[in-house]
Structures are given as C-alpha cells and as structure tokens.
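Report on one structure; see the data block that follows.
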Amino acid sequence: MSLTDLMSMAKPNMESRGKLLLRLGGRELVNCFQCTKCTSGCTALKLLELKPHEIVKLVNLGFVDELPSSDIIWTCATCLKCVQRCPQKASPYHVIMALRNVAVEREAKVPDAYMKAVSQILETGLAETCQKITTREMKVLDREGLKLPKINSPRESFQSAFLKALEEK
Amino acid sequence: MARIGVYVCHCGLNIAGVVDVEKVAEYAKSLPDVALTKHYTYMCSEPGQQMIQEDIKAHCLDRIVVATCSPRMHEETFRRAVAEAGLNPYVVEIVNLREHVSWAHSSEPAKATEKAKDLVRMGVARARLLEPLEKRKVPVEKSVMVVGGGIAGIQASLDLADAGFKVHLVEKAPSIGGRMSQLDKTFPTLDCSACILTPKMVDVAKHPNIALLVNAEVASVKGFVGNYEVTVTKKPRYVDADKCVGCELCTRVCPVKVPDAFNERLSEKRAIFIHSAHAVPKVAMIDADHCLRLKYDKSVCGKCETACEAKAIRFDQQSETISFRVGAIVLAVGSEVFDAARMAELGYGRYKNVISNMEFERISDASGPTSGKILTPDGGKPPKTIAFIQCVGSRDKRFHEYCCRVGCMVTLKQAMLAKEKIHDDVKIYVLYIDMRAFGKGYDEFYRRARDMDVDFIAGLPSEIHANPDGSLCFDVYDKATSRLLQVRADLVVLGTGLVPNNDMENVSALFHASRSADGFLLEAHPKLRPLETAMAGVFLAGACQGPKDIPDTVAQASGAAVKAVDLLSRGEIELEPLKAFVDKDLCSGCRICESVCPFVAIEIKPELVDGKEKPRVEVVEAMCQGCGLCSSACPTGAVTMQQYSSKQILTQVDAALVEAGNGSGGS
C-alpha cells in the first residue's frame with residue numbers, strides 16, 4: 001500500500017473500507033470536500049472531541065481498522081445537524097453508525113451505557129427508565145404517586161423480535 | 001458501377017498501434033466496386049490529401065471512403081479535398097477507426113482489426129449509395145438583436161455597431177448597466193466599476209448604429225438563421241422619454257416610498273424614480289404598482305405632474321409593440337444572485353447584520369445608501385470585525401452544485417475595501433473551503449489580501465447566532481490549527497453565488513435555447529463552440545451561459561459579436577444540404593414530425609386535395625439542422641434525410657450482418 005500513517009504506522013485497509021462502503025450503500029455518504037461544517041457545529045465536539053470530518057476523511061483514505069475499536073465513535077449524540085447542513089449531502093452520522101455496527105460485529109468493547117440500554121429495552125420495552133419527579137412542594141413522586149397507569153413489561157414476542165432485529169443489524 | 005477508393009489512415013500510432021492497417025486495406029480490396037485501396041501515416045496531412053486527389057484523376061474514382069478519426073474532426077477536410085479534385089464533396093464516407101476502434105479496444109488488437117474490417121465494409125456499402133448534393137445559399141438581414149443590457153450586452157452591441165451592423169439592444173430594466181452598475185470596485189485591479197462602465201453605457205446611447213430599447217421585453221421570435229422576425233413589448237414608463245431631462249424634481253415631491261431594488265432594498269426610492277445615479281437613459285419612471293394616481297384615480301395625487309417643468313409626465317402612456325427583422329441574436333440576459341434566506345442556518349433575513357455580498361457592494365458604493373461609508377445595517381456603526389462566509393448556495397448539493405467562480409475574488413476585494421475604508425485595524429476573517437484565485441493577476445490579489453492582514457480560516461461555520469447588541473457569533477473548526485474557534489463579528493457578509501435568471505425558462509422557450517443541468521443556457525459544445533447555442537444564429541454572451549466574472553464576460557461578449565459578424569458579413573449564408581425532405585404524396589398530415597422537431601423547422605402548409613383542404617408538411621430548410629428525428633418518427637415514410645436515407649442506412653446494417661470473409665460483402 002502506498003500510504004502510511006507515520007503517527008501510528010497504520011496502513012489503509014481497502015477491503016474493510018469496501019465493506020463499509022457497501023454497508024453505506026455506496027460512495028455518496030462519504031463524498032466530502034472537507035469544509036468542516038459538520039465539525040464546526042458538532043454537538044459532541046466541545047466535550048468529547050468528536051470530529052466528524054476527520055472520521056469521514058479517515059474512511060476515505062482507508063484507515064478504517066482503528067475506528068471501530070476507538071471510543072470516539074460512541075460519542076456521537078445523533079443530533080443529525082451534520083446530515084442536514086452538509087453541502088455535499090455526505091453524512092458523517094451514517095458513517096459513524098456503520099462503524100458502530102462494525103464494532104459490534106467484531107465484538108469490540110461497547111460502552112456500558114449502550115449495553116444497559118439494550119437490557120433496559122428488553123426488560124421494560126422502554127429506552128429510558130421511569131424517572132421520579134420532584135414537585136414544587138419538594139415531594140418526590142413516581143408514576144404510582146402521580147396516579148399514572150402502570151406500564152406492563154413487554155410481551156415475549158416483542159423481546160424475540162427485538163433480539164432478531166439486533167442480530168440482523 | 002461505382003469506382004470506390006478506400007484510404008486507411010494510421011493516425012501516427014493512434015490507429016496503427018492497435019489495428020493492423022495493412023490487413024484492413026488488403027481486405028478492403030476484396031470488397032465489390034473497390035477500385036483502389038491505400039494506407040498512409042496521416043491521411044489528413046497535405047501529402048495524404050494530395051494522394052486522394054491524384055488517385056481520383058488517375059483511377060477515375062467516384063466515391064471515396066476514408067477510414068480515419070471521427071467525422072467531427074476531418075469530414076470537412078476530406079470533403080474539401082475531394083471537391084478540389086472535381087468530385088461532389090458529399091461522395092465522401094468517413095469510417096471512424098480511432099474513437100470507435102483503436103482507442104476503445106486498445107487491449108485487443110486482433111479483435112479491433114476485425115471490427116475495423118467490419119466498419120470499412122459497412123462504409124463501402126453506404127458509399128455506393130451516396131448521392132451528390134448541393135449547398136444552398138440564402139440572403140441574410142444585416143442586423144442583430146442583443147437581449148440584455150448588462151456589461152455583456154453593452155460590449156457585444158458596441159462591437160457589432162462598430163463593425164457597421166445595426167443593433168437592437170433590448171433591456172428589461174429602465175436603464176442599461178445590469179449587475180456591474182451595482183458594483184463598487186472590480187477585482188483584481190480595484191478600479192471603480194462606474195468609471196469603466198458608465199462611458200460604455202453613454203457610448204451605447206449615442207451610437208448611431210444602436211437602437212436602445214429599455215423597459216422592454218422580447219415577446220416573440222419567428223423565422224430562421226439570418227432572417228428572424230422579432231416583436232418586442234415596450235412597457236409604459238408613464239414619462240415622455242424625449243422630454244424628461246432627468247432633473248429629479250418629481251422624485252422630491254412624490255409622497256410614496258418604496259424599497260429600492262437597485263440598492264438591494266437597503267434604502268427607499270419614490271414611486272417616481274430614476275433607476276440609478278448613472279442611469280442610461282437618465283429618464284424618470286413611475287412604478288405603476290405603487291403610484292397612488294395609477295393605482296387609484298385622478299383626484300388622489302399628481303404632484304409629480306405639477307412639479308415637472310419639462311411637462312414630461314404621461315399617466316396615459318400605453319405599452320407599445322415594436323417589430324423588426326434581424327439576422328442574428330446575441331443572448332446576454334445575465335444571472336441573478338442566490339437568495340441566502342434559503343440557507344436557514346446562516347440567519348440571513350432574520351439577523352439584519354448578516355448581509356449578502358451584493359448588499360456589501362451597495363453599502364461600499366459612493367452612490368449607495370450610506371454614501372460609501374461601510375456601516376452595519378442594524379446599529380449604523382462602522383464594524384470592528386467582519387466575517388466573510390464563502391460558498392453560500394454554491395458547491396452545495398442542496399442548492400447549486402457548481403462553483404460560482406466569482407465568490408472568492410469578490411470576498412478578497414471586499415475585505416480590502418473594508419480595510420481601506422473603515423480602518424486598518426478592522427479585523428477580517430474569511431471562512432472558506434477552497435480559495436479559488438485562478439485568473440490572470442488573481443493569485444497576486446489573494447497575496448495582497450494576506451499582506452493586508454486579512455485572516456483566512458479554512459472551515460465553514462454550521463450556524464450563526466445573534467447577540468443582543470446586534471452582533472453575531474459562531475463557532476468554526478479551523479483545519480489548520482485543529483481548534484474550534486469562536487468568532488464574534490459585527491457584520492457577516494455571505495459569499496452568495498450567481499444563479500440562473502428567474503425567467504430563464506421563458507428565455508429558453510422563446511429562443512429555443514436549451515439549458516444545461518445547472519439551469520444556465522447550454523452552449524453548442526463545451527470546448528469548441530462556447531459562444532453558440534444549438535440554434536443557428538443565436539449566440540451566448542456572459543453569465544447567462546454560466547457564472548462568470550467581468551473579464552470573462554467581456555471576452556465572451558466580444559467573441560459572440562464576432563460570431564454574429566462572421567455569420568452576417570457576407571450578406572448570404574450557405575446551408576448544409578443534409579436536410580430532411582418531405583415527399584408530399586406520402587405525407588398524411590399527421591403532424592408527428594412537427595411535435596418531435598427540436599428546431600421548429602416543420603411548417604404546416606394546407607393543400608387542396610379533391611376540393612378539401614388537407615394539412616401538408618414542409619421543411620424550412622434554413623431551420624433544419626439535419627438531426628433526423630422527423631424521418632424516424634414519420635409513420636408513412638414520407639420524410640427522408642438526405643445523405644442518411646433509410647436505404648443508405650439499411651444497406652449499412654445489412655453489410656454489418658455479413659461476416660467478414662464470406663457472404664456477399666466479403667471475398
């Protein structure tokens with residue numbers, strides 16, 4: 001391969017890149033000319049240093065091996081600003097999601113929060129746990145205290161369908 | 001019995017490097033009616049042409065097949081050579097061995113040679129049926145209509161008028177000058193736009209060969225190359241243009257205030273107004289949509305009429321229709337500026353201090369709303385920090401995919417103007433993707449901007465926020481430093497690009513000029529015929545063909561003018577004889593050909609058959625471009641394409657289906 005990243009001595013992996021592009025349904029979502037508009041507006045940049053334009057460039061050059069095992073791809077807050085505003089209709093968001101799926105496939109370390117979310121959905125059918133609220137009188141109430149109906153746990157058919165969908169992805 | 005000469009060209013190694021030219025020539029000898037075959041390094045060279053001419057005489061050849069490059073390259077060359085040797089130029093058949101064979105199949109020489117043989121066999125079969133044709137001459141009208149009075153239309157009109165042609169210059173606005181008259185300075189020399197444009201505008205008005213029609217639009221165009229009949233609608237301006245002296249007494253008394261489009265709506269004008277400080281003609285006009293007298297009735301107002309000392313106000317003026325004949329048309333309808341409000345994240349239209357680069361021009365112009373002082377629209381103070389954001393609406397798949405070709409240079413110019421006019425200490429940030437300074441003297445101009453301490457940040461902001469004091473704030477990730485920078489600016493100038501004219505659709509329909517995917521008018525060939533449309537006699541100048549800066553616009557306008565001169569100077573034009581021809585006895589009058597003809601060359605001429613009037617079709621030869629659509633669409637076979645008749649084509653198909661080396665076509 002004619003390219004070497006001298007910072008990490010990494011070489012492009014065109015095969016993995018090809019597979020990633022296939023997952024993205026073609027070249028269009030990485031058709032980027034590096035205007036950095038996505039990074040300028042990225043919700044996750046200031047706190048977590050996610051640079052969408054850098055990820056897209058790394059994929060374009062073929063440096064795709066390190067990305068799925070890095071923590072950075074899990075920092076995207078999926079606000080979709082980059083998708084809305086990209087002048088080239090490239091979509092760093094979709095690229096990041098594809099990399100996450102590669103990470104799961106390779107059984108790379110997935111942040112705990114994501115695994116917790118999966119078990120949460122399996123158990124309750126909800127993406128978030130039911131929170132308690134504090135009233136102006138400083139009373140802490142749960143759903144029962146607010147006289148809201150009880151949420152039943154999901155049916156077994158939901159759980160099997162959810163697991164199946166997860167595996168397919 | 002025809003006597004055919006077959007010539008196989010090597011084209012250096014372009015053909016001979018792949019195709020075995022000797023074998024092809026040898027094979028051609030075996031074909032019926034072939035009297036002679038030769039192969040040579042460059043058939044198009046002088047010795048090559050001479051060889052054909054000598055052979056025609058020595059061997060009494062009456063048909064010539066040249067197996068060489070594309071006919072677009074050298075068909076004309078060989079036709080001329082053959083004509084010089086005394087044959088009709090249309091008995092030449094070109095077989096394309098370069099683009100269709102050697103370049104396409106460079107990896108398979110053996111198969112390429114076989115394909116070359118097949119094509120030569122087909123060419124010989126068709127050559128036998130070629131008929132001699134004569135070119136026709138038609139007289140032309142020695143005058144030109146120029147549509148659009150911007151710098152492109154002005155330049156083309158002056159060049160044509162100086163060459164001795166009568167010019168009708170039609171302009172939609174009440175004054176000529178166009179987009180350029182709104183600009184303050186021009187890059188890369190920073191000369192003042194008005195100083196170089198106004199003298200030309202005056203020249204147009206004074207030139208004896210130019211008839212200036214302002215406030216007018218083309219209503220219809222009929223006829224064909226060299227002989228167009230045009231009607232123009234001249235809208236009423238409610239002022240007698242011959243009497244008005246442009247003293248502006250009327251504009252002072254008019255009670256109605258309207259946003260001034262010439263100043264990009266940054267200031268107000270009156271309902272009776274003069275287009276701009278440098279307007280040509282400098283004649284007042286009444287805006288009928290806002291004038292109280294014209295909107296309501298006589299009793300309401302009439303102050304301008306009382307104030308006018310020249311007695312030039314005419315509330316009863318009507319629109320006029322003017323018709324004339326011209327030989328050629330130059331389209332110079334220009335372009336418009338992208339409406340940045342469509343790009344919601346930048347806040348244009350919501351925040352007053354986010355302005356377009358066109359608005360900046362007006363603010364910076366001495367005759368503009370601030371008399372040339374650069375002040376923020378909200379607050380009216382000179383800005384301490386200005387941010388320029390590039391590629392607004394251009395290079396953006398959501399709006400326009402092309403590069404606007406002027407935005408980078410406009411921003412460099414405006415940054416320099418701000419440095420000069422406000423203060424040397426004013427902070428200027430230019431936010432860009434790529435800096436495109438490609439023209440003559442342009443990169444030096446870019447260097448000059450850097451010398452003046454203009455800061456360039458390689459990156460675009462995602463969104464702009466407003467502060468309570470009217471200033472603006474945004475984050476931008478700078479590629480060079482890998483930092484997220486926060487910029488606070490008093491004024492944000494958007495580098496809005498050029499987009500096709502709003503009524504481009506109309507223009508395209510009126511002149512049968514096609515448009516390219518980007519919406520601009522399409523040239524006949526992107527490299528070799530950039531000044532012409534596909535319609536003969538209709539030429540293109542300036543930004544209506546694609547975004548352009550002033551130097552390119554002027555160059556194209558002069559070029560288009562010369563193209564029109566070239567067409568009209570001889571007083572008559574030769575028409576290619578490759579036209580459609582209608583057999584009246586076969587024509588059923590179904591008019592399918594009329595609906596498919598892209599050149600409006602089909603005319604319906606009713607004919608009396610057995611006492612009944614029946615539609616019959618005729619081809620206007622001067623309009624027909626020989627595309628053949630009508631011929632293939634005709635259900636009764638009444639339309640024949642000369643040189644490409646069904647018989648000639650089917651014979652070629654038959655020859656293609658015979659395998660080389662056997663059957664009637666082979667040896």
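Naming works like this for the structure tokens: A, B, ... for the chains as they're shown, residue 1 at the start of each chain, ligands 1 onward in shown order.
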Kindly determine which residues of chain A lie within 7 Å of chain B, considering only C-alpha atoms, and give the answer as an MDAnalysis selection string. chainID A and resid 35:41 87:89
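Excluding A:Leu48 itself and same-chain residues fewer than 4 positions from it, the residues having an atom within 12 Å of it are Thr39, Cys42, Thr43, Ala44, Pro52, Asp71, Ile72, Ile73, Trp74, Thr75, Cys76 and Ala77 of chain A, counting only C-alpha atoms.
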Residues of stretch 324-567 of chain B in helix (DSSP H, G or I) according to DSSP, as a PyMOL selection string? chain B and resi 340-342+344-346+357-364+407-421+442-451+504-511+542-544+550-567
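Interatomic distance, atom CA of A:Ser16 against atom CA of A:Lys109: 18.7 Å.
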Based on the backbone DSSP call, show me all residues of stretch 246-489 of chain B assigned strand (DSSP E), as a count of residues only. 61
I'd like to know which of A:Glu28, A:Glu128, A:Glu66, A:Glu167 is closest to A:Lys116, using only C-alpha atoms. A:Glu128
Just want the 12 Å neighbourhood of stretch 439-445 of chain B, counted on only C-alpha atoms, with same-chain residues fewer than 2 positions away dropped. Output as a PyMOL selection string. chain B and resi 186-190+405-406+408-416+435-437+447-452+548-552
